[in-house]
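**Student:** This is the structure, below, for whatever I ask next.
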2 protein chains.
Amino acid sequence: MSDIEQLKQQVEEQGVVVRDLKAAKAEKAQLDEQVALLLALKKKLQIASGNGDEVDGPKKKSGGAGKALVLKEPKGTKDYTPKEMAVRTEIFRTITSVFEKHGAVTIDTPVFELKEILVGKYGEDSKLIYDLKDQGGEECSLRYDLTVPFARYVAQNGISNIKRYHLAKVYRRDQPAITKGRMREFYQCDYDIAGVYDAMIPDAECVRVAVNVLSELDVGKFVVKLNHRKILDAIFEVSGVPADKIRAISSAVDKLDKAPWAEVRREMTQEKGLDAAVADRIGEYVQISGSGEEVLARLQALPELMASAKAQEGVKDMGLFFRYAKIYGILDYISFDMSLARGLDYYTGIIYEAVLVEENVRSPTTEAQPPALVAKKSDKKGKKDEEDESQVRVGSIAAGGRYDELVGMFSSAMHTKGKKTDVPCVGISFGVERIFSIVKARKSEAEIKANRTQVYVISLGDTVEDSLLEDRMRIAAELWDAGIAAEFAYKIKPRKQAQFDTCDSAIIPWAVIIGKDELSQGMVKIKNMAQKVEEEKGGVTVSRSDMIAELKQRLQIN
Amino acid sequence: MSDIEQLKQQVEEQGVVVRDLKAAKAEKAQLDEQVALLLALKKKLQIASGNGDEVDGPKKKSGGAGKALVLKEPKGTKDYTPKEMAVRTEIFRTITSVFEKHGAVTIDTPVFELKEILVGKYGEDSKLIYDLKDQGGEECSLRYDLTVPFARYVAQNGISNIKRYHLAKVYRRDQPAITKGRMREFYQCDYDIAGVYDAMIPDAECVRVAVNVLSELDVGKFVVKLNHRKILDAIFEVSGVPADKIRAISSAVDKLDKAPWAEVRREMTQEKGLDAAVADRIGEYVQISGSGEEVLARLQALPELMASAKAQEGVKDMGLFFRYAKIYGILDYISFDMSLARGLDYYTGIIYEAVLVEENVRSPTTEAQPPALVAKKSDKKGKKDEEDESQVRVGSIAAGGRYDELVGMFSSAMHTKGKKTDVPCVGISFGVERIFSIVKARKSEAEIKANRTQVYVISLGDTVEDSLLEDRMRIAAELWDAGIAAEFAYKIKPRKQAQFDTCDSAIIPWAVIIGKDELSQGMVKIKNMAQKVEEEKGGVTVSRSDMIAELKQRLQIN
């Protein structure tokens, strides 16, 4: 990353700090200090980029003569280079193969939806939705996730059951933070099971799919945190949260992975007007976490909680879940964690989130307090010691849960007579940007082969005539016809060294080398460019008519 | 398609007829007649959809109580069902494999670009660009094609040569016409070669790629029409078109594939103020078409034209092109056609367009007037006899050409000092919607397998205990671990027939059938559900421990 990009990121991140402080109505002195830091960073960036007013991208059309066009991707989006695409394609291939192994089909929906389809589905995050400009006709917005379009598709087509996956881009007008993998355009890879089925069978499969995908991608140690909306709601009820505050308090609890309890408690009591004693009771509950067996036992030992019918339902579900999870061999990856709340409104049952764990923390199932939670409870402003610094890298890489009423919301809205068809759903969504960073970091740029070329056709002549362009073309065409991926220099008289260099830089494993004399005798040379085989150092001369067969054998194509 | 959808389409298409008539300043009587037809169709649609005012989709948020939400894709976009996705995935796989056989790498760019990147690139079509709403920050627009983002990418990253492909969606606020495959969101599949190379070598490869892709997709008989912008410009010059009218007149010529000469001539003379004698001279030239050899000979025999340096350059290029095309074995697919102009501003050299040819028309190379052109010169209003009706289905399925200055436009705009780096480019773009319709029509819905499930795990018991849910889960998990795609009914007690029906409808080729007694003896049954093998009619009983090995052998997995 260039200095300028680093500075840009610092400016953006400091902007978030200031914004958060403002939102939290921080003390003036503290706020002033952080604002001063932000201004200083902005100044530095302006100097570094030799540019007084375009730090945030062009605000207006640069119509004036002599004003340079800024060539860049829109803020929060990025181009993928060929080598990055090779990595991404491989990740998608792995994810797709797991989804298909579990019997899923795929669908595609438009990148934008009618605006009213998205309205009222995302709680506080609705402000992040991108709208299309009103140019006459329908009002449309870019999709925020793949779940709501999926529910719309199921309701619209009167589908009673489907297991589908969808790998596609979604859009959020959030403050981008590239180091954290937070982009405005990013891929989601979703797997969802819709249909009326017996309890927890599809739910357990979704978590197994998550474990399977993350293991196959080899992202490092991870833990899947689980909770159940009904247990969480019961906790809020028995703690004494008024019914109309439950979703707001749930949103506050959801921040426990980014902020310490003290801060979340302050949000509950000061911003959301919750009674301090109620908040403290919640504080007791949300500290409960550990293996399924442990947590179920602890919950069942709380008569106050278990008096709630909701809690009983949730606990019954989770008992079944852990029974199935054992059959699926995934217990070791799971932590049952009362502090997991998930932000979205539409969840109705089990919820889960896979988070990366630092290599040096303890195994997720040996402690009641799961390491992932410890790792993520770092305070943004507390980045002082080394430990905190390393913990910032830990983050959520997949998440999902059960949403039994979203399809019904659409199908009932469609029928003015109030006819409603519930299609219960459960799903898992992978955030690919973080996975991409991890997988990409494992390889050096030079090692990544972005093309699939197998053979490069080379001529060694020094003159136009000896450079044999048309023979190179003829041989390439023969290779293409045989299904072999082949290239040659698009020059009448290419330099010898440039051709060999291309084989190296593009990692092309084989060359067909032609010379005028050999060709007139009906011969060509085949050379292994990847492994330097001692006895074939200068290549092997074969008859022109055997060339394809010889190459196919060496490439193991039949 | 439902009646309502058919009606909607008829309304849209009739709308186009009326609009065209208005634009063409048709006689009042004729216009009135078509407007009346449009109104009648709209009325019919309103009645059919039981809906007085929402024909064009919701114009306003449906806030009122009892007002139904319209569940649909935005106008001009569509969902793809699992079976459609199976077809589309296969098409993309074929296209990608040809692109990769020719050594291309892939990149990805954001779905929206800074608005100013797109400005001034699309001539008259700029009005079709979708803008994002200004919600603060940068002004952005959805990409109109993949070519301009590619040129931006090349310029921005200072790339001197790259051969890249890109399969992605593009957006145009055009009047949709679903039967013609004209959508507002649709896929383009682009292959482009950028770099300073010797003349016509990459150009010939692009046309070979086009022929190869269309042949592999088996879209039916097609012809690739070719022309050269320099020859076309020379034709306009020697015909006497003023320099400032050349692009406008070129746009008019481009409509020859949709409208007869008389109409194009009227546009030139009446709308664009061209002298009638000049138009007639153009009319002579644009009738020239045929094989490369024929057309080159005819052009070279026109001293007036060949006096132009531009014409000489173009003819020289095309001579070289046909020499290479012969080596590549694609001459039989090509027609050199002076009436091909292509709408976009940025082409500078060879241009081409692949069009489908009706099966019953003559071979493209046996006639000076290529059949594709004849077939497409049908008049919209002349749909009276059977022949015209069939010809409407003929259309362009791939197009492209050389654009040597687009990257330079970006790189020079980036540097206020006027430093400019030209990176000459040539490319081909496939319009997948039409190809999709052709390929899809070859198979019946029932034949298309949308999932990749290989094995369905079935229990035949009638009681909960005999239904063996956990054994089915355990076996499925074993299959997944072995890399076998497997499913089972998500029910504690599934019906026997329902399980067999799933195998049929989902086209699942194998079943593992378990029963309580057999399982207690360590046995399971394997049954071929796809081919009913007589000697294995009831399935083959194998030992539980041999199950995986046995299935792998039958599935030919190693």
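Please note that chains go A, B, ... in the order of the structure tokens, that every chain numbers its residues from 1, and that ligands are numbered from 1 in the order shown.
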Using only C-alpha atoms, which residues sit within 9 Å of stretch 506-518 of chain B once same-chain residues fewer than 4 positions away are excluded, as an NGL selection string?

**Tutor:** :B and (446-461 or 465-468 or 471-472 or 475 or 500-502 or 522-531 or 539 or 541 or 547 or 551 or 555)

**Student:** Give one line per residue of chain A that approaches chain B to at most 6 Å, naming the two atoms of the closest pair and their distance in Å to one decimal, counting only C-alpha atoms; sort by chain then ascending residue number and deliver it as JSON lines.

**Tutor:**
```
{"residue": "A:Lys59", "atom": "CA", "partner": "B:Glu138", "partner_atom": "CA", "distance": 5.5}
{"residue": "A:Gly66", "atom": "CA", "partner": "B:Thr416", "partner_atom": "CA", "distance": 5.6}
{"residue": "A:Ala68", "atom": "CA", "partner": "B:Met414", "partner_atom": "CA", "distance": 5.2}
{"residue": "A:Leu69", "atom": "CA", "partner": "B:Met414", "partner_atom": "CA", "distance": 5.0}
{"residue": "A:Leu71", "atom": "CA", "partner": "B:Gln156", "partner_atom": "CA", "distance": 5.7}
{"residue": "A:Pro74", "atom": "CA", "partner": "B:Leu114", "partner_atom": "CA", "distance": 5.8}
{"residue": "A:Asp79", "atom": "CA", "partner": "B:Thr109", "partner_atom": "CA", "distance": 4.5}
{"residue": "A:Tyr80", "atom": "CA", "partner": "B:Asp108", "partner_atom": "CA", "distance": 4.9}
{"residue": "A:Thr81", "atom": "CA", "partner": "B:Ile107", "partner_atom": "CA", "distance": 5.2}
{"residue": "A:Pro82", "atom": "CA", "partner": "B:Ile107", "partner_atom": "CA", "distance": 5.0}
{"residue": "A:Glu100", "atom": "CA", "partner": "B:Arg452", "partner_atom": "CA", "distance": 5.9}
{"residue": "A:Lys101", "atom": "CA", "partner": "B:Ala485", "partner_atom": "CA", "distance": 3.8}
{"residue": "A:His102", "atom": "CA", "partner": "B:Ala485", "partner_atom": "CA", "distance": 5.9}
{"residue": "A:Gly103", "atom": "CA", "partner": "B:Thr453", "partner_atom": "CA", "distance": 5.0}
{"residue": "A:Val105", "atom": "CA", "partner": "B:Asn451", "partner_atom": "CA", "distance": 4.9}
{"residue": "A:Thr106", "atom": "CA", "partner": "B:Pro82", "partner_atom": "CA", "distance": 5.2}
{"residue": "A:Ile107", "atom": "CA", "partner": "B:Pro82", "partner_atom": "CA", "distance": 5.1}
{"residue": "A:Asp108", "atom": "CA", "partner": "B:Tyr80", "partner_atom": "CA", "distance": 4.9}
{"residue": "A:Thr109", "atom": "CA", "partner": "B:Asp79", "partner_atom": "CA", "distance": 4.4}
{"residue": "A:Glu113", "atom": "CA", "partner": "B:Pro74", "partner_atom": "CA", "distance": 6.0}
{"residue": "A:Leu114", "atom": "CA", "partner": "B:Pro74", "partner_atom": "CA", "distance": 5.8}
{"residue": "A:Asp131", "atom": "CA", "partner": "B:Lys133", "partner_atom": "CA", "distance": 5.5}
{"residue": "A:Leu132", "atom": "CA", "partner": "B:Leu132", "partner_atom": "CA", "distance": 4.2}
{"residue": "A:Lys133", "atom": "CA", "partner": "B:Lys133", "partner_atom": "CA", "distance": 3.8}
{"residue": "A:Glu138", "atom": "CA", "partner": "B:Lys59", "partner_atom": "CA", "distance": 5.5}
{"residue": "A:Gln156", "atom": "CA", "partner": "B:Leu71", "partner_atom": "CA", "distance": 5.6}
{"residue": "A:Tyr197", "atom": "CA", "partner": "B:Tyr490", "partner_atom": "CA", "distance": 5.6}
{"residue": "A:Asp198", "atom": "CA", "partner": "B:Lys491", "partner_atom": "CA", "distance": 5.1}
{"residue": "A:Ile201", "atom": "CA", "partner": "B:Tyr490", "partner_atom": "CA", "distance": 6.0}
{"residue": "A:Ala413", "atom": "CA", "partner": "B:Leu69", "partner_atom": "CA", "distance": 5.4}
{"residue": "A:Met414", "atom": "CA", "partner": "B:Leu69", "partner_atom": "CA", "distance": 5.0}
{"residue": "A:Thr416", "atom": "CA", "partner": "B:Ala68", "partner_atom": "CA", "distance": 5.2}
{"residue": "A:Ala450", "atom": "CA", "partner": "B:Val105", "partner_atom": "CA", "distance": 5.8}
{"residue": "A:Asn451", "atom": "CA", "partner": "B:Val105", "partner_atom": "CA", "distance": 4.9}
{"residue": "A:Arg452", "atom": "CA", "partner": "B:Glu100", "partner_atom": "CA", "distance": 5.9}
{"residue": "A:Thr453", "atom": "CA", "partner": "B:Gly103", "partner_atom": "CA", "distance": 5.1}
{"residue": "A:Ala485", "atom": "CA", "partner": "B:Lys101", "partner_atom": "CA", "distance": 3.8}
{"residue": "A:Ala486", "atom": "CA", "partner": "B:His102", "partner_atom": "CA", "distance": 6.0}
{"residue": "A:Tyr490", "atom": "CA", "partner": "B:Tyr197", "partner_atom": "CA", "distance": 5.6}
{"residue": "A:Lys491", "atom": "CA", "partner": "B:Asp198", "partner_atom": "CA", "distance": 5.1}
```

**Student:** With 12 Å as the cut-off and only C-alpha atoms counted, what is the closest atom pair between each nearby residue of stretch 194-288 of chain B and stretch 294-317 of chain B? Distances in Å to one decimal, ordered by chain and number, as a Markdown table.

**Tutor:**
```
| residue | atom | partner | partner_atom | distance |
| --- | --- | --- | --- | --- |
| B:Asp198 | CA | B:Asp317 | CA | 10.8 |
| B:Ala199 | CA | B:Asp317 | CA | 7.1 |
| B:Met200 | CA | B:Asp317 | CA | 6.7 |
| B:Ile201 | CA | B:Asp317 | CA | 10.3 |
| B:Asp203 | CA | B:Asp317 | CA | 10.0 |
| B:Ala204 | CA | B:Asp317 | CA | 10.7 |
| B:Leu226 | CA | B:Val295 | CA | 11.0 |
| B:Asn227 | CA | B:Gly314 | CA | 9.1 |
| B:His228 | CA | B:Gly314 | CA | 6.1 |
| B:Arg229 | CA | B:Gly314 | CA | 7.6 |
| B:Lys230 | CA | B:Gly314 | CA | 5.3 |
| B:Ile231 | CA | B:Ala311 | CA | 4.6 |
| B:Leu232 | CA | B:Ala311 | CA | 7.9 |
| B:Asp233 | CA | B:Lys310 | CA | 7.6 |
| B:Ala234 | CA | B:Ala311 | CA | 5.4 |
| B:Ile235 | CA | B:Leu305 | CA | 6.7 |
| B:Phe236 | CA | B:Leu305 | CA | 9.8 |
| B:Glu237 | CA | B:Ser308 | CA | 8.6 |
| B:Val238 | CA | B:Leu305 | CA | 6.3 |
| B:Ser239 | CA | B:Leu305 | CA | 8.9 |
| B:Gly240 | CA | B:Leu305 | CA | 11.5 |
| B:Arg281 | CA | B:Leu305 | CA | 11.5 |
| B:Ile282 | CA | B:Leu305 | CA | 11.6 |
| B:Glu284 | CA | B:Leu302 | CA | 11.8 |
| B:Tyr285 | CA | B:Leu299 | CA | 9.2 |
| B:Val286 | CA | B:Val295 | CA | 11.4 |
| B:Gln287 | CA | B:Val295 | CA | 10.7 |
| B:Ile288 | CA | B:Val295 | CA | 6.9 |
```

**Student:** Quote the spacing between atom CA of A:Ser339 and atom CA of A:Val253 in Å to one decimal place.

**Tutor:** 6.5 Å

**Student:** Pull the strand (DSSP E) assignments for stretch 123-355 of chain A out of DSSP run on the backbone, and list those residues as a ChimeraX atom specification.

**Tutor:** /A:140-142,162-171,185-194,222-228,289-290,334-337,350-355

**Student:** Kindly indicate which residue among B:Lys127, B:Arg342, B:Lys180, B:Lys225 lies nearest to B:Lys255, using only C-alpha atoms for the distances.

**Tutor:**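 With only C-alpha atoms as the atom set, the closest residue is B:Arg342.
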
**Student:** Between atom CA of A:Ala210 and atom CA of A:Ile249, measure the distance and give it in Å to one decimal.

**Tutor:**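 Here the two named atoms are 27.9 Å from each other.
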